[in-house]
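Please read the structure below before turning to the comments.
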Amino acid sequence: MATAAPSAASRIAVVTGASSGIGAATARQLAAAGYRVVLTARRKDRIEALAEEIKAAGHAATAYQLDVTDRTAVDEFATAFKTVAVLVNNAGGALGADPVATGDPADWRAMYETNVLGTLNLTQALLPKLEAGGDGTVVVVSSTAGHATYEGGAGYVAAKHGAHVLAETLRLEILGTPVRVIEIAPGMVKTEEFALTRFGGDKEKAEKVYEGVAEPLTADDVAETITWAVTRPSHVNIDLLIVRPRAQASNTKVYRERS
């Protein structure tokens with residue numbers, strides 16, 4: 001059973017995929033910046049614990065269990081608000097690293113549904129609330145994968161390219177409304193779950209992704225970038241911000257220290 005829906009209030013920031021990684025870090029930082037954060041994710045226990053942590057720090061937070069791919073649930077969630085200030089579309093992720101010839105269509109479908117249709121669902125449902133507030137911001141957390149391909153990444157690249165195109169097109173279509181559209185595209189970020197989920201819980205494969213990389217980005221690094229972009233003056237729109245660790249020059253060129 002879902003946590004009770006939050007009541008309408010000013011300066012609400014909705015963060016999807018807030019149960020771990022970039023989403024959780026972004027929720028903490030937006031709360032510290034003065035937003036009342038609404039944490040959404042499928043894992044109720046995690047977002048409730050995070051909401052309690054944020055409130056213990058003196059900030060405002062509410063947890064709401066939500067699957068972004070469930071349009072009926074998303075529409076019901078949206079009825080809780082009169083206005084929303086910020087929507088951070090962070091829910092997503094990668095599954096597998098097989099070549100096109102042997103990739104699992106079910107993985108491709110799942111990635112598209114979460115990264116693209118999940119973003120579409122929340123954006124469509126909350127866009128009227130963002131406009132009603134008179135100063136809204138939509139953030140799409142894509143990836144450098146959405147801007148350049150690499151071997152073994154076609155399914156994820158296709159999904160993140162879809163998220164990129166969604167953000168780019170939305171910005172054109174809502175020009176003249178009081179809503180900004182920001183895309184943040186991180187490169188190599190080491191979080192507790194991203195690579196582990198991608199490789200089906202195989203810790204050895206997950207660790208190899210970051211092997212020899214002294215300082216990949218952290219969830220906090222990306223969250224700081226998101227928070228900075230969101231808190232610019234209303235007339236300033238950060239259309240696209242690509243952020244990588246210094247050790248990464250492209251999706252396929254990474255400096256790895258030898259042991």
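Residue names in the structure tokens use chain letters A, B, ... in the order shown, residue numbers from 1 in each chain, and ligand numbers from 1 in the order shown.
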Long-range neighbours of A:Tyr35 as a PDB file with N, CA, C and O atoms, in the first residue's frame, 10 Å cut-off, only C-alpha atoms, 3 positions minimum in chain:
ATOM      1  N   SER A  10       3.952  24.982  -1.866  1.00  0.00           N
ATOM      2  CA  SER A  10       4.827  25.677  -2.799  1.00  0.00           C
ATOM      3  C   SER A  10       6.223  25.080  -2.774  1.00  0.00           C
ATOM      4  O   SER A  10       6.622  24.420  -1.818  1.00  0.00           O
ATOM      5  N   ARG A  11       6.957  25.289  -3.866  1.00  0.00           N
ATOM      6  CA  ARG A  11       8.349  24.850  -3.997  1.00  0.00           C
ATOM      7  C   ARG A  11       8.509  23.348  -3.775  1.00  0.00           C
ATOM      8  O   ARG A  11       9.400  22.897  -3.054  1.00  0.00           O
ATOM      9  N   ILE A  12       7.647  22.595  -4.397  1.00  0.00           N
ATOM     10  CA  ILE A  12       7.746  21.138  -4.325  1.00  0.00           C
ATOM     11  C   ILE A  12       8.677  20.654  -5.427  1.00  0.00           C
ATOM     12  O   ILE A  12       8.590  21.086  -6.579  1.00  0.00           O
ATOM     13  N   ALA A  13       9.566  19.752  -5.072  1.00  0.00           N
ATOM     14  CA  ALA A  13      10.448  19.103  -6.041  1.00  0.00           C
ATOM     15  C   ALA A  13      10.192  17.611  -5.996  1.00  0.00           C
ATOM     16  O   ALA A  13      10.401  16.969  -4.965  1.00  0.00           O
ATOM     17  N   VAL A  14       9.735  17.057  -7.097  1.00  0.00           N
ATOM     18  CA  VAL A  14       9.485  15.626  -7.214  1.00  0.00           C
ATOM     19  C   VAL A  14      10.722  14.966  -7.815  1.00  0.00           C
ATOM     20  O   VAL A  14      11.209  15.400  -8.868  1.00  0.00           O
ATOM     21  N   ALA A  27      17.727  14.296  -3.967  1.00  0.00           N
ATOM     22  CA  ALA A  27      16.678  14.626  -2.996  1.00  0.00           C
ATOM     23  C   ALA A  27      17.275  15.316  -1.772  1.00  0.00           C
ATOM     24  O   ALA A  27      16.744  16.324  -1.288  1.00  0.00           O
ATOM     25  N   ARG A  28      18.384  14.789  -1.275  1.00  0.00           N
ATOM     26  CA  ARG A  28      19.039  15.408  -0.118  1.00  0.00           C
ATOM     27  C   ARG A  28      19.455  16.851  -0.424  1.00  0.00           C
ATOM     28  O   ARG A  28      19.244  17.758   0.393  1.00  0.00           O
ATOM     29  N   GLN A  29      20.041  17.046  -1.593  1.00  0.00           N
ATOM     30  CA  GLN A  29      20.579  18.372  -1.904  1.00  0.00           C
ATOM     31  C   GLN A  29      19.490  19.387  -2.241  1.00  0.00           C
ATOM     32  O   GLN A  29      19.599  20.564  -1.883  1.00  0.00           O
ATOM     33  N   LEU A  30      18.428  18.949  -2.912  1.00  0.00           N
ATOM     34  CA  LEU A  30      17.323  19.874  -3.178  1.00  0.00           C
ATOM     35  C   LEU A  30      16.614  20.243  -1.877  1.00  0.00           C
ATOM     36  O   LEU A  30      16.183  21.386  -1.701  1.00  0.00           O
ATOM     37  N   ALA A  31      16.510  19.282  -0.961  1.00  0.00           N
ATOM     38  CA  ALA A  31      15.913  19.584   0.346  1.00  0.00           C
ATOM     39  C   ALA A  31      16.744  20.619   1.083  1.00  0.00           C
ATOM     40  O   ALA A  31      16.212  21.571   1.677  1.00  0.00           O
ATOM     41  N   ALA A  32      18.054  20.457   1.045  1.00  0.00           N
ATOM     42  CA  ALA A  32      18.950  21.408   1.696  1.00  0.00           C
ATOM     43  C   ALA A  32      18.878  22.782   1.050  1.00  0.00           C
ATOM     44  O   ALA A  32      19.139  23.800   1.699  1.00  0.00           O
ATOM     45  N   VAL A  38       9.589  15.443  -2.738  1.00  0.00           N
ATOM     46  CA  VAL A  38       8.708  14.285  -2.779  1.00  0.00           C
ATOM     47  C   VAL A  38       9.504  13.158  -3.425  1.00  0.00           C
ATOM     48  O   VAL A  38       9.897  13.250  -4.585  1.00  0.00           O
ATOM     49  N   HIS A  59      14.701  19.428   7.210  1.00  0.00           N
ATOM     50  CA  HIS A  59      14.116  19.772   5.913  1.00  0.00           C
ATOM     51  C   HIS A  59      12.784  19.059   5.726  1.00  0.00           C
ATOM     52  O   HIS A  59      12.374  18.260   6.567  1.00  0.00           O
ATOM     53  N   ALA A  60      12.111  19.338   4.620  1.00  0.00           N
ATOM     54  CA  ALA A  60      10.786  18.771   4.360  1.00  0.00           C
ATOM     55  C   ALA A  60      10.868  17.686   3.295  1.00  0.00           C
ATOM     56  O   ALA A  60      11.453  17.903   2.229  1.00  0.00           O
ATOM     57  N   ALA A  61      10.264  16.540   3.593  1.00  0.00           N
ATOM     58  CA  ALA A  61      10.294  15.430   2.641  1.00  0.00           C
ATOM     59  C   ALA A  61       9.098  14.519   2.848  1.00  0.00           C
ATOM     60  O   ALA A  61       8.626  14.349   3.965  1.00  0.00           O
ATOM     61  N   ALA A  85       7.145  22.777  -8.439  1.00  0.00           N
ATOM     62  CA  ALA A  85       8.223  23.664  -8.885  1.00  0.00           C
ATOM     63  C   ALA A  85       9.244  22.929  -9.752  1.00  0.00           C
ATOM     64  O   ALA A  85       9.740  23.479 -10.738  1.00  0.00           O
ATOM     65  N   VAL A  86       9.577  21.701  -9.375  1.00  0.00           N
ATOM     66  CA  VAL A  86      10.643  20.965 -10.055  1.00  0.00           C
ATOM     67  C   VAL A  86      10.249  19.495 -10.203  1.00  0.00           C
ATOM     68  O   VAL A  86       9.724  18.896  -9.265  1.00  0.00           O
TER      69      VAL A  86
END
Just the alpha helix (DSSP H) stuff from stretch 110-253 of chain A, please, per backbone DSSP, written as a compact mmCIF listing (two decimals) with N, CA and C atoms, in the first residue's frame.
# COMPACT_ATOMS: atom_id res chain seq x y z
N ALA A 110 12.44 -3.18 -21.25
CA ALA A 110 12.42 -2.67 -19.88
C ALA A 110 13.16 -1.34 -19.78
N MET A 111 14.31 -1.24 -20.47
CA MET A 111 15.07 0.02 -20.43
C MET A 111 14.29 1.15 -21.09
N TYR A 112 13.63 0.87 -22.19
CA TYR A 112 12.86 1.91 -22.88
C TYR A 112 11.67 2.35 -22.01
N GLY A 118 8.74 6.16 -18.73
CA GLY A 118 8.62 6.64 -17.36
C GLY A 118 8.77 8.15 -17.29
N THR A 119 9.76 8.66 -18.02
CA THR A 119 9.96 10.11 -18.10
C THR A 119 8.77 10.79 -18.76
N LEU A 120 8.27 10.19 -19.82
CA LEU A 120 7.09 10.74 -20.49
C LEU A 120 5.89 10.77 -19.56
N ASN A 121 5.66 9.68 -18.84
CA ASN A 121 4.51 9.61 -17.94
C ASN A 121 4.52 10.72 -16.90
N LEU A 122 5.64 10.86 -16.20
CA LEU A 122 5.72 11.89 -15.14
C LEU A 122 5.64 13.29 -15.73
N THR A 123 6.30 13.50 -16.86
CA THR A 123 6.31 14.83 -17.47
C THR A 123 4.92 15.22 -17.93
N GLN A 124 4.21 14.32 -18.59
CA GLN A 124 2.85 14.63 -19.04
C GLN A 124 1.92 14.89 -17.86
N ALA A 125 2.04 14.06 -16.82
CA ALA A 125 1.14 14.17 -15.68
C ALA A 125 1.37 15.45 -14.88
N LEU A 126 2.64 15.89 -14.78
CA LEU A 126 2.95 17.03 -13.92
C LEU A 126 3.16 18.34 -14.67
N LEU A 127 3.22 18.30 -15.99
CA LEU A 127 3.46 19.54 -16.74
C LEU A 127 2.41 20.63 -16.44
N PRO A 128 1.12 20.29 -16.36
CA PRO A 128 0.16 21.34 -16.00
C PRO A 128 0.41 21.94 -14.62
N LYS A 129 0.91 21.13 -13.69
CA LYS A 129 1.21 21.62 -12.34
C LYS A 129 2.46 22.50 -12.34
N LEU A 130 3.42 22.17 -13.20
CA LEU A 130 4.63 22.98 -13.34
C LEU A 130 4.29 24.33 -13.97
N GLU A 131 3.40 24.32 -14.94
CA GLU A 131 2.98 25.58 -15.57
C GLU A 131 2.15 26.42 -14.60
N ALA A 132 1.30 25.76 -13.83
CA ALA A 132 0.41 26.48 -12.91
C ALA A 132 1.18 27.23 -11.84
N ALA A 154 24.01 -0.86 -27.01
CA ALA A 154 22.98 -0.35 -27.92
C ALA A 154 21.62 -0.17 -27.26
N GLY A 155 21.20 -1.12 -26.44
CA GLY A 155 19.90 -1.00 -25.80
C GLY A 155 19.80 0.19 -24.88
N TYR A 156 20.83 0.37 -24.06
CA TYR A 156 20.87 1.50 -23.13
C TYR A 156 21.04 2.81 -23.89
N VAL A 157 21.91 2.79 -24.90
CA VAL A 157 22.13 3.99 -25.72
C VAL A 157 20.82 4.42 -26.39
N ALA A 158 20.09 3.46 -26.92
CA ALA A 158 18.83 3.78 -27.58
C ALA A 158 17.84 4.40 -26.60
N ALA A 159 17.77 3.83 -25.40
CA ALA A 159 16.85 4.36 -24.39
C ALA A 159 17.24 5.76 -23.95
N LYS A 160 18.52 5.97 -23.68
CA LYS A 160 18.96 7.29 -23.23
C LYS A 160 18.92 8.32 -24.36
N HIS A 161 19.11 7.87 -25.60
CA HIS A 161 18.93 8.79 -26.71
C HIS A 161 17.46 9.22 -26.78
N GLY A 162 16.56 8.28 -26.49
CA GLY A 162 15.15 8.63 -26.44
C GLY A 162 14.86 9.67 -25.38
N ALA A 163 15.48 9.54 -24.21
CA ALA A 163 15.29 10.53 -23.15
C ALA A 163 15.83 11.89 -23.57
N HIS A 164 16.99 11.87 -24.23
CA HIS A 164 17.59 13.12 -24.74
C HIS A 164 16.66 13.81 -25.73
N VAL A 165 16.13 13.04 -26.67
CA VAL A 165 15.25 13.61 -27.70
C VAL A 165 13.95 14.12 -27.08
N LEU A 166 13.45 13.41 -26.07
CA LEU A 166 12.25 13.87 -25.37
C LEU A 166 12.49 15.26 -24.78
N ALA A 167 13.62 15.42 -24.08
CA ALA A 167 13.93 16.71 -23.46
C ALA A 167 14.09 17.80 -24.51
N GLU A 168 14.82 17.49 -25.56
CA GLU A 168 15.09 18.48 -26.60
C GLU A 168 13.81 18.92 -27.30
N THR A 169 12.93 17.97 -27.59
CA THR A 169 11.68 18.29 -28.27
C THR A 169 10.72 19.05 -27.36
N LEU A 170 10.63 18.62 -26.10
CA LEU A 170 9.76 19.30 -25.15
C LEU A 170 10.14 20.76 -25.02
N ARG A 171 11.44 21.04 -25.00
CA ARG A 171 11.89 22.42 -24.87
C ARG A 171 11.38 23.28 -26.03
N LEU A 172 11.37 22.71 -27.22
CA LEU A 172 10.85 23.43 -28.39
C LEU A 172 9.35 23.64 -28.29
N GLU A 173 8.66 22.60 -27.83
CA GLU A 173 7.20 22.62 -27.86
C GLU A 173 6.57 23.51 -26.79
N PHE A 194 24.17 0.84 -9.87
CA PHE A 194 24.00 0.94 -11.32
C PHE A 194 24.63 -0.24 -12.07
N ALA A 195 25.95 -0.43 -11.93
CA ALA A 195 26.62 -1.50 -12.66
C ALA A 195 26.19 -2.87 -12.14
N LEU A 196 25.93 -2.97 -10.84
CA LEU A 196 25.51 -4.24 -10.25
C LEU A 196 24.18 -4.69 -10.86
N THR A 197 23.27 -3.75 -11.01
CA THR A 197 21.97 -4.05 -11.64
C THR A 197 22.17 -4.42 -13.11
N ARG A 198 23.02 -3.67 -13.77
CA ARG A 198 23.24 -3.92 -15.21
C ARG A 198 23.73 -5.34 -15.47
N LYS A 203 29.06 -9.06 -9.05
CA LYS A 203 29.93 -8.04 -8.46
C LYS A 203 31.25 -7.90 -9.21
N GLU A 204 31.78 -9.01 -9.70
CA GLU A 204 33.06 -8.97 -10.41
C GLU A 204 32.94 -8.16 -11.70
N LYS A 205 31.89 -8.39 -12.46
CA LYS A 205 31.68 -7.62 -13.69
C LYS A 205 31.43 -6.15 -13.38
N ALA A 206 30.67 -5.91 -12.33
CA ALA A 206 30.36 -4.53 -11.95
C ALA A 206 31.62 -3.77 -11.58
N GLU A 207 32.51 -4.38 -10.82
CA GLU A 207 33.74 -3.71 -10.40
C GLU A 207 34.68 -3.45 -11.57
N LYS A 208 34.66 -4.29 -12.58
CA LYS A 208 35.54 -4.12 -13.74
C LYS A 208 35.23 -2.83 -14.50
N VAL A 209 34.00 -2.38 -14.42
CA VAL A 209 33.62 -1.13 -15.09
C VAL A 209 34.49 0.02 -14.61
N TYR A 210 34.81 0.02 -13.31
CA TYR A 210 35.53 1.13 -12.69
C TYR A 210 37.00 0.79 -12.40
N ALA A 219 27.51 9.92 -6.92
CA ALA A 219 26.13 10.38 -6.97
C ALA A 219 26.02 11.83 -6.50
N ASP A 220 26.81 12.19 -5.49
CA ASP A 220 26.79 13.57 -4.99
C ASP A 220 27.29 14.56 -6.04
N ASP A 221 28.28 14.16 -6.83
CA ASP A 221 28.77 15.05 -7.89
C ASP A 221 27.64 15.40 -8.85
N VAL A 222 26.90 14.39 -9.26
CA VAL A 222 25.81 14.62 -10.22
C VAL A 222 24.68 15.40 -9.56
N ALA A 223 24.37 15.07 -8.31
CA ALA A 223 23.32 15.78 -7.58
C ALA A 223 23.64 17.26 -7.43
N GLU A 224 24.90 17.57 -7.17
CA GLU A 224 25.32 18.98 -7.08
C GLU A 224 25.12 19.69 -8.40
N THR A 225 25.40 18.99 -9.50
CA THR A 225 25.21 19.56 -10.83
C THR A 225 23.73 19.84 -11.09
N ILE A 226 22.88 18.87 -10.74
CA ILE A 226 21.44 19.05 -10.92
C ILE A 226 20.93 20.22 -10.09
N THR A 227 21.34 20.25 -8.83
CA THR A 227 20.87 21.31 -7.93
C THR A 227 21.35 22.67 -8.39
N TRP A 228 22.58 22.75 -8.87
CA TRP A 228 23.09 24.02 -9.40
C TRP A 228 22.25 24.48 -10.58
N ALA A 229 21.95 23.59 -11.50
CA ALA A 229 21.18 23.95 -12.69
C ALA A 229 19.77 24.41 -12.31
N VAL A 230 19.16 23.68 -11.39
CA VAL A 230 17.79 24.00 -10.96
C VAL A 230 17.71 25.34 -10.25
Check: To one decimal place, how far is atom CA of A:Val243 from atom CA of A:Val179 in Å?
Finding: 23.1 Å
Write out as a tab-separated table (two decimals) with C-alpha atoms, in the first residue's frame the residues lying within 7 Å of A:Thr62, counting only C-alpha atoms and excluding same-chain residues fewer than 5 positions away.
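result27.tsv, freshly written:
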chain	number	residue	atom	x	y	z
A	6	PRO	CA	1.53	14.65	-0.18
A	37	VAL	CA	11.07	17.06	-1.78
A	38	VAL	CA	8.71	14.28	-2.78
A	39	LEU	CA	10.62	11.03	-3.09
A	51	ALA	CA	12.43	10.94	4.00
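Between A:Tyr150 and the residues A:Gly201, A:Gly212, A:Pro99, A:Gly21, the shortest atom-to-atom distance, using only C-alpha atoms, involves A:Pro99.
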Note to self: Would you pick out the contacts of A:Phe77 at 10 Å or less, using only C-alpha atoms, so that residues sharing its chain but fewer than 2 positions from it are not included, and give the list as a ChimeraX atom specification?
What the structure shows: /A:4-6,40,64-66,71-75,79-81,122,125-126
Margin query: Just list as a ChimeraX atom specification whatever in stretch 37-256 of chain A DSSP marks as strand (DSSP E).
Written below: /A:37-41,61-65,86-89,136-141,179-186,240-243
For the selection you just gave me, I'd like the residues written to a file as a compact mmCIF listing (two decimals), in the first residue's frame, keeping C-alpha atoms.
# COMPACT_ATOMS: atom_id res chain seq x y z
CA VAL A 37 11.07 17.06 -1.78
CA VAL A 38 8.71 14.28 -2.78
CA LEU A 39 10.62 11.03 -3.09
CA THR A 40 9.26 8.43 -5.48
CA ALA A 41 10.49 4.91 -6.19
CA ALA A 61 10.29 15.43 2.64
CA THR A 62 7.54 12.99 1.76
CA ALA A 63 7.84 9.44 0.42
CA TYR A 64 5.45 8.08 -2.19
CA GLN A 65 5.80 4.57 -3.58
CA VAL A 86 10.64 20.97 -10.05
CA LEU A 87 10.40 17.52 -11.59
CA VAL A 88 13.61 15.48 -11.67
CA ASN A 89 13.15 12.54 -14.04
CA GLY A 136 8.61 25.30 -13.26
CA THR A 137 11.62 23.17 -14.14
CA VAL A 138 11.73 19.75 -15.77
CA VAL A 139 15.03 17.92 -15.37
CA VAL A 140 15.81 14.86 -17.47
CA VAL A 141 18.76 12.84 -16.19
CA VAL A 179 8.78 26.05 -17.62
CA ARG A 180 12.45 25.27 -18.24
CA VAL A 181 13.72 21.95 -19.57
CA ILE A 182 17.17 20.89 -18.38
CA GLU A 183 19.08 17.80 -19.43
CA ILE A 184 21.92 16.52 -17.29
CA ALA A 185 23.99 13.82 -19.01
CA PRO A 186 26.48 12.11 -16.66
CA LEU A 240 22.31 20.39 -21.75
CA LEU A 241 25.12 19.73 -19.32
CA ILE A 242 27.46 16.81 -19.91
CA VAL A 243 29.53 15.91 -16.87
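Of the residues listed (A:Glu48, A:Glu76, A:Glu211, A:Asp239), A:Glu211 shows the shortest atom-to-atom separation from A:Val254; distances use only C-alpha atoms.
Our summary of the geometry notes that atom CA of A:Ala25 is positioned 24.2 Å from atom CA of A:Asp202.
Compared by their closest atoms to A:Gly134, and using only C-alpha atoms, the residues A:Gly152, A:Gly176, A:Gly146, A:Gly93 rank with A:Gly176 nearest.
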Check: Counting only C-alpha atoms, which of A:Ile238, A:Ile22, A:Ala57, A:Ala148 gets nearest to A:Glu193?
Finding: A:Ile22
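Picture a line from atom CA of A:Ser19 to atom CA of A:Leu50; it runs 7.6 Å.
If you measure from each of A:Ala49, A:Leu117, A:Ile54, A:Ala106 to A:Asp67 using only C-alpha atoms, the closest one turns out to be A:Leu117.
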